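Novice: The structure is given below, and queries will be raised subsequently.
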Amino acid sequence: MKLALRYIALLAVLAISVGPFLWQFATSIKGPNEDVFVPDFIPNDPTFGNYAAVADVVPVWTFALNSLGVASVNVLTNCLGAAMAGYALARLKFKGRRFAAVIFASSILVPFEAILISLFLVMRGLGLTNTLTGVVLPGSIAALNVLLLRNAFLALPAEVEEAAIIDGANAWQRFTRLALPSVKGTLVVVALFSFMFSWDDFLWPLVVLSDQEKYTLTIGLAYLQGTFVQNQRLVAAGTIIAVLPLILLFLLLQKHFFRGVGEGAIKG
Amino acid sequence: MKRRTFLAGLAALPVAGPLAGCGLGGSTGSGSSASGQVTGEITFQTWSLKPKYTDYVNGVIDAFQKQHQGTSVKWVDQPADGYLAKVMADASAGSLPDVINVPPDLSFPLAKAGQLVDLDQNLKEAKPEYLENAWQAFEIPGKGGCYGFPWYLNTGPIFYNKALFTQAGLDPDKPPKTFKELEEQALKLAQSKKIAMLGQTPTIADFGLYGVKVFENDKFTFNDAKGVEFVESYKRMYDAGALIPEALTQNYTGAGAKFMAQQTALNPGSAYDLGKFKTDAPSLYANIGISTPITNTGSANMFLHGVSVPRSSKNQATALAFGRFVTNAENQVKFAKLASIFPSTSKGGDDPYFTTEDGTDEARVRVAAAKQLKTAVNYTPVQFSDQMREALLQQLADAMLGKKSAKQALDDAVAECNRLLK
């Protein structure tokens, strides 16, 4: 009985989290002349034509390539930069270490919209507006990732490092040979998070970029929502195209992902 | 963000015939850089017109470049989502494009900050080419000066779901014409069949349609007795279930989706919505009823878009010439036909396309809307910003939920709007 209830609850949550996605998918394969605003999951006249149509309407592959570039660079800078910063905060002894950690933590609380304009002015000052570099830069080392990695490094027993020190390892060696290999799981989490954040980001790339050739996928797909006309089937097909890489990535990395989430959670 | 689609979503009206066939040479005025040569490169930013109207816009640009040898126009189109943020960021960095597509409520803060070229000063002779109410929409109230060429207008009918009307025993051929009838029928619909009439709490324009004086003497005034009466009517409807629960937080686009899902029985719309119903909600289209907008003032609401030239433009002469060219009668009528909207030039609405019916629903809606535009009013004050819209939405939600009286909610909304005004 208890088990049955548990499964019912699980199924309910599954329906809530997967249902809208299925609906979106169903919409994307609906043929013309079907109601798209009523939840009916089995199209009468299924077609994949909408996916081809998306590519006709907007240069979706150019956009996807831009997004992929931005997201990959973001993954690299975040894994590397956040690991270095996180290690410094967790293991190196320097004045103001605690203060620095607090600064990182509090910067998470500042809403992005509040610093949007000043950030844009900075990019303009650097001459980076309308470049993909300008898109990558502000998110290249995210505070959240630094803290995630800091916690992961803190979870390593300090004795291991002390032993390494006695063996004559310097900070750099301890970082690359000892600390990094033991937080692989968290690194995967950071990689996935930064890929996701940068893949999904809309407002910042929109503000920085002006040329359509440089647009990332999220902005590009916004073109499917025209001022006077919009075809919901195309919008749905576009969204599916946009989330597909995320789903694939997650499936590929899920083993590491769940290990990584646990890893950082040992110590706060 | 939402508001953007909302604005672009409706709009207004027509009239007028081809006058200045085309951009007449170097339209200029007395301003310093505004009176230079029409030559060189400019950038033109539009509001979400790609990819559907790409050919049209490119055609306009080609024609302009042919007419003015030595000019080159670079077109950038921005998605509607985030348009405000984008323009504001560019404005503070002084990097606005030379010609920008903005609705009046977006040109207003820019003009107030002295960022836009005053057309009254630099291009006074262009004024008679446009409808008077459209030109006025780009003036700063009380201060004069016009800061944008009026572009397209829109207004629309209300659409209602005949099937839902019939189910509740209402006459499907007698949709509400006044706000009083709206409440009566909505209550009936809700009480007999639990069907909601509306998908949205009133917008500022609805207050105008109800006959409330929304803005007077530099202050918001929609908390007068009439405004309270209006909100109380909505409260009665809300309590009876005549508004869907989502109405409290919903914008125009969201309400439109609910109507297409046949969860609400009535929704204001535009000529181009018919095409949407046909493809996205065919079973609604089969039962669609079309009626004139509900108004107590006799005037319908209208929306418009325009193009402005920022003062930061290095090539104002060309930018002004192009702005005038894009919005001239010929180009506007062509665009209006393409997009089911209406031209803002003084004679654009005289085109037979806007005056003769051919028996289709589309033509019927178009001709009715064009007629309605002659007296239509833009009920949304240009001072009404996105933040104010949010404030009103929240206060109305409180009033609907009974957390505040209608009077209190409106007083609070007006106080907040007036505070934001400063």
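Ordering of the structure tokens sets the chain letters (A, B, ...), residue numbers begin anew at 1 in every chain, and ligands are numbered from 1 in the order given.
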List the neighbours of Pro43 in chain A out to 9 Å using only C-alpha atoms; skip same-chain residues closer than 5 positions along the sequence, and give me the result as a list in words.
Specialist: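 Residues near the query, excluding close chain neighbours: Ala26, Thr27, Ile29, Lys30, Gly31 and Glu34 of chain A.
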Novice: Please find the residues of chain A near chain B - the criterion being any atom within 9 Å, counting only C-alpha atoms - and write them as an NGL selection string.
Specialist: :A and (32-39 or 57-58 or 113 or 116-118 or 120-121 or 124 or 202-203 or 206-208 or 210-212 or 219-233)
Novice: Those residues you just picked out, can you put them in a file as a PDB file, in the first residue's frame with C-alpha atoms?
Specialist:
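Saved as result04.pdb:
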ATOM      1  CA  PRO A  32      -1.442  22.360 -40.144  1.00  0.00           C
ATOM      2  CA  ASN A  33      -5.089  22.736 -39.161  1.00  0.00           C
ATOM      3  CA  GLU A  34      -4.835  21.073 -35.806  1.00  0.00           C
ATOM      4  CA  ASP A  35      -5.639  22.834 -32.547  1.00  0.00           C
ATOM      5  CA  VAL A  36      -2.373  23.619 -30.821  1.00  0.00           C
ATOM      6  CA  PHE A  37      -3.740  25.275 -27.704  1.00  0.00           C
ATOM      7  CA  VAL A  38      -5.515  22.251 -26.328  1.00  0.00           C
ATOM      8  CA  PRO A  39      -3.498  19.485 -24.706  1.00  0.00           C
ATOM      9  CA  VAL A  57      12.849  30.534 -41.389  1.00  0.00           C
ATOM     10  CA  VAL A  58      16.002  31.268 -39.382  1.00  0.00           C
ATOM     11  CA  GLU A 113      19.365  42.846 -14.497  1.00  0.00           C
ATOM     12  CA  LEU A 116      23.209  44.806 -16.979  1.00  0.00           C
ATOM     13  CA  ILE A 117      23.758  48.396 -18.056  1.00  0.00           C
ATOM     14  CA  SER A 118      27.019  48.915 -16.217  1.00  0.00           C
ATOM     15  CA  PHE A 120      27.368  46.729 -21.035  1.00  0.00           C
ATOM     16  CA  LEU A 121      29.232  50.006 -20.553  1.00  0.00           C
ATOM     17  CA  ARG A 124      31.798  48.978 -24.645  1.00  0.00           C
ATOM     18  CA  PHE A 202      19.063  35.207 -23.492  1.00  0.00           C
ATOM     19  CA  LEU A 203      19.227  38.741 -22.141  1.00  0.00           C
ATOM     20  CA  LEU A 206      20.818  40.009 -26.837  1.00  0.00           C
ATOM     21  CA  VAL A 207      22.117  43.217 -25.345  1.00  0.00           C
ATOM     22  CA  VAL A 208      25.736  42.717 -26.387  1.00  0.00           C
ATOM     23  CA  SER A 210      23.803  43.494 -32.811  1.00  0.00           C
ATOM     24  CA  ASP A 211      24.628  41.492 -35.927  1.00  0.00           C
ATOM     25  CA  GLN A 212      22.400  38.620 -36.734  1.00  0.00           C
ATOM     26  CA  ILE A 219      18.064  34.956 -29.515  1.00  0.00           C
ATOM     27  CA  GLY A 220      17.803  33.472 -32.961  1.00  0.00           C
ATOM     28  CA  LEU A 221      14.823  31.371 -31.963  1.00  0.00           C
ATOM     29  CA  ALA A 222      13.090  34.452 -30.623  1.00  0.00           C
ATOM     30  CA  TYR A 223      12.629  35.370 -34.289  1.00  0.00           C
ATOM     31  CA  LEU A 224      10.095  32.594 -34.515  1.00  0.00           C
ATOM     32  CA  GLN A 225       7.862  34.790 -32.366  1.00  0.00           C
ATOM     33  CA  GLY A 226       7.130  37.414 -34.983  1.00  0.00           C
ATOM     34  CA  THR A 227       5.387  40.697 -34.273  1.00  0.00           C
ATOM     35  CA  PHE A 228       2.210  39.892 -36.141  1.00  0.00           C
ATOM     36  CA  VAL A 229       2.444  36.235 -36.886  1.00  0.00           C
ATOM     37  CA  GLN A 230       3.779  33.265 -35.155  1.00  0.00           C
ATOM     38  CA  ASN A 231       3.436  29.647 -35.879  1.00  0.00           C
ATOM     39  CA  GLN A 232       3.305  27.803 -32.573  1.00  0.00           C
ATOM     40  CA  ARG A 233       4.415  24.598 -34.254  1.00  0.00           C
TER      41      ARG A 233
END
Novice: Looking only at helix (DSSP H, G or I) from DSSP on the backbone, list the matching residues of range 59-230 of chain B as JSON, numbers by chain.
Specialist: {"B": [59, 60, 61, 62, 63, 64, 65, 66, 67, 83, 84, 85, 86, 87, 88, 89, 90, 91, 92, 93, 104, 105, 106, 107, 108, 109, 110, 111, 112, 119, 120, 121, 122, 124, 125, 126, 127, 128, 129, 132, 133, 134, 135, 136, 162, 163, 164, 165, 166, 167, 179, 180, 181, 182, 183, 184, 185, 186, 187, 188, 189, 190, 191, 192, 193, 204, 205, 206, 207, 208, 209, 210, 225, 226, 227, 228, 229, 230]}
Novice: Please, what distance in Å, to one decimal, runs between CA of Ala152 in chain A and CA of Phe197 in chain A?
Specialist: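 Computing it gives 20.6 Å between the two atoms.
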Novice: Just want the 12 Å neighbourhood of Val73 in chain A, counted on only C-alpha atoms, with same-chain residues fewer than 3 positions away dropped. Output as a ChimeraX atom specification.
Specialist: /A:66-70,76-81,132-133,135-137,139-141,191,194-195,198-199
Novice: Can you spit out the residues from that selection as a short mmCIF file (atom, residue, chain, number, x, y, z; two decimals), in the first residue's frame, using N, CA and C atoms?
Specialist:
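Result file result02.cif:
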data_model
loop_
_atom_site.label_atom_id
_atom_site.label_comp_id
_atom_site.auth_asym_id
_atom_site.auth_seq_id
_atom_site.Cartn_x
_atom_site.Cartn_y
_atom_site.Cartn_z
N ASN A 66 27.25 29.24 -33.11
CA ASN A 66 27.66 30.32 -32.21
C ASN A 66 27.44 29.92 -30.75
N SER A 67 26.27 29.36 -30.49
CA SER A 67 25.95 28.95 -29.12
C SER A 67 26.94 27.91 -28.64
N LEU A 68 27.24 26.97 -29.53
CA LEU A 68 28.15 25.90 -29.15
C LEU A 68 29.52 26.48 -28.81
N GLY A 69 29.99 27.41 -29.64
CA GLY A 69 31.28 28.05 -29.38
C GLY A 69 31.28 28.74 -28.03
N VAL A 70 30.28 29.57 -27.81
CA VAL A 70 30.20 30.31 -26.56
C VAL A 70 30.15 29.34 -25.38
N LEU A 76 35.17 25.58 -20.53
CA LEU A 76 36.62 25.56 -20.29
C LEU A 76 37.02 26.57 -19.22
N THR A 77 36.60 27.83 -19.43
CA THR A 77 37.02 28.87 -18.49
C THR A 77 36.47 28.60 -17.10
N ASN A 78 35.24 28.10 -17.05
CA ASN A 78 34.65 27.84 -15.74
C ASN A 78 35.34 26.70 -15.02
N CYS A 79 35.59 25.60 -15.73
CA CYS A 79 36.23 24.46 -15.08
C CYS A 79 37.61 24.86 -14.57
N LEU A 80 38.34 25.55 -15.42
CA LEU A 80 39.69 25.89 -15.05
C LEU A 80 39.73 27.02 -14.03
N GLY A 81 39.09 28.12 -14.36
CA GLY A 81 39.12 29.31 -13.51
C GLY A 81 38.48 29.07 -12.16
N LEU A 132 31.53 37.82 -29.78
CA LEU A 132 31.20 36.66 -28.95
C LEU A 132 32.05 36.64 -27.68
N THR A 133 33.24 37.22 -27.75
CA THR A 133 34.06 37.36 -26.54
C THR A 133 33.29 38.13 -25.48
N VAL A 135 30.19 38.21 -25.08
CA VAL A 135 29.14 37.36 -24.54
C VAL A 135 29.70 36.43 -23.46
N VAL A 136 30.89 35.90 -23.73
CA VAL A 136 31.47 34.90 -22.83
C VAL A 136 31.97 35.52 -21.53
N LEU A 137 32.61 36.66 -21.65
CA LEU A 137 33.39 37.21 -20.55
C LEU A 137 32.68 37.30 -19.19
N GLY A 139 30.36 35.74 -17.81
CA GLY A 139 30.02 34.48 -17.15
C GLY A 139 31.18 33.50 -17.13
N SER A 140 32.38 33.98 -17.49
CA SER A 140 33.45 33.02 -17.72
C SER A 140 33.92 32.34 -16.43
N ILE A 141 33.81 33.02 -15.30
CA ILE A 141 34.07 32.33 -14.05
C ILE A 141 32.93 32.67 -13.10
N ALA A 191 30.90 21.80 -15.33
CA ALA A 191 30.89 21.83 -16.79
C ALA A 191 29.46 21.86 -17.31
N SER A 194 27.73 25.22 -16.47
CA SER A 194 28.13 26.38 -17.27
C SER A 194 27.68 26.21 -18.72
N PHE A 195 27.67 24.98 -19.18
CA PHE A 195 27.17 24.76 -20.53
C PHE A 195 25.70 25.17 -20.60
N SER A 198 25.09 29.03 -20.22
CA SER A 198 25.44 29.85 -21.36
C SER A 198 24.59 29.47 -22.57
N TRP A 199 24.20 28.22 -22.66
CA TRP A 199 23.33 27.80 -23.76
C TRP A 199 21.96 28.46 -23.65
#
Novice: Extract, using only C-alpha atoms, all DNA, RNA and protein residues at most 6 Å from range 299-312 of chain B, discarding same-chain residues fewer than 2 positions from it, and format them as JSON, numbers by chain.
Specialist: {"B": [10, 11, 12, 98, 99, 100, 101, 102, 103, 115, 116, 117, 148, 149, 150, 151, 152, 153, 154, 155, 297, 375, 376, 377, 378, 379]}
Novice: One decimal, Å: what's the distance from CA of Ala134 in chain B over to CA of Ser344 in chain B, could you say?
Specialist: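 Interatomic distance, CA of Ala134 in chain B to CA of Ser344 in chain B: 6.4 Å.
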Novice: Compare A:Val190, A:Ala237, A:Ala100, A:Met1 by their minimum atom-to-atom distance to Leu144 in chain A, counting only C-alpha atoms, and give me the closest one.
Specialist: A:Val190
Novice: List as a PyMOL selection string the protein and nucleic acid residues near Phe384 in chain B, meaning an atom at most 10 Å away when only C-alpha atoms are counted, but skip any in the same chain fewer than 3 places from it.
Specialist: chain B and resi 104-106+108+204+215+220+380-381+387-389+417-418+420-421
Novice: Compile a residue-level contact table for range 148-249 of chain B against range 397-405 of chain B at a cut-off of 7 Å, reporting for every qualifying residue the shortest atom pair and its distance in Å to one decimal, with only C-alpha atoms counted, rows ordered by chain and ascending number, as CSV.
Specialist:
residue,atom,partner,partner_atom,distance
B:Lys235,CA,B:Met400,CA,5.2
B:Tyr238,CA,B:Met400,CA,6.4
B:Leu248,CA,B:Ala397,CA,5.1
Novice: How would the residues just picked look written out with C-alpha atoms as a tab-separated table (two decimals), in the first residue's frame?
Specialist:
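again_37.tsv written:
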chain	number	residue	atom	x	y	z
B	235	LYS	CA	-14.29	42.31	-8.85
B	238	TYR	CA	-13.85	37.75	-10.69
B	248	LEU	CA	-4.41	38.24	-12.24
Novice: Hey, can you check how far CA of Thr249 in chain B sits from CA of Glu181 in chain B?
Specialist: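 Separating CA of Thr249 in chain B from CA of Glu181 in chain B is a distance of 24.6 Å.
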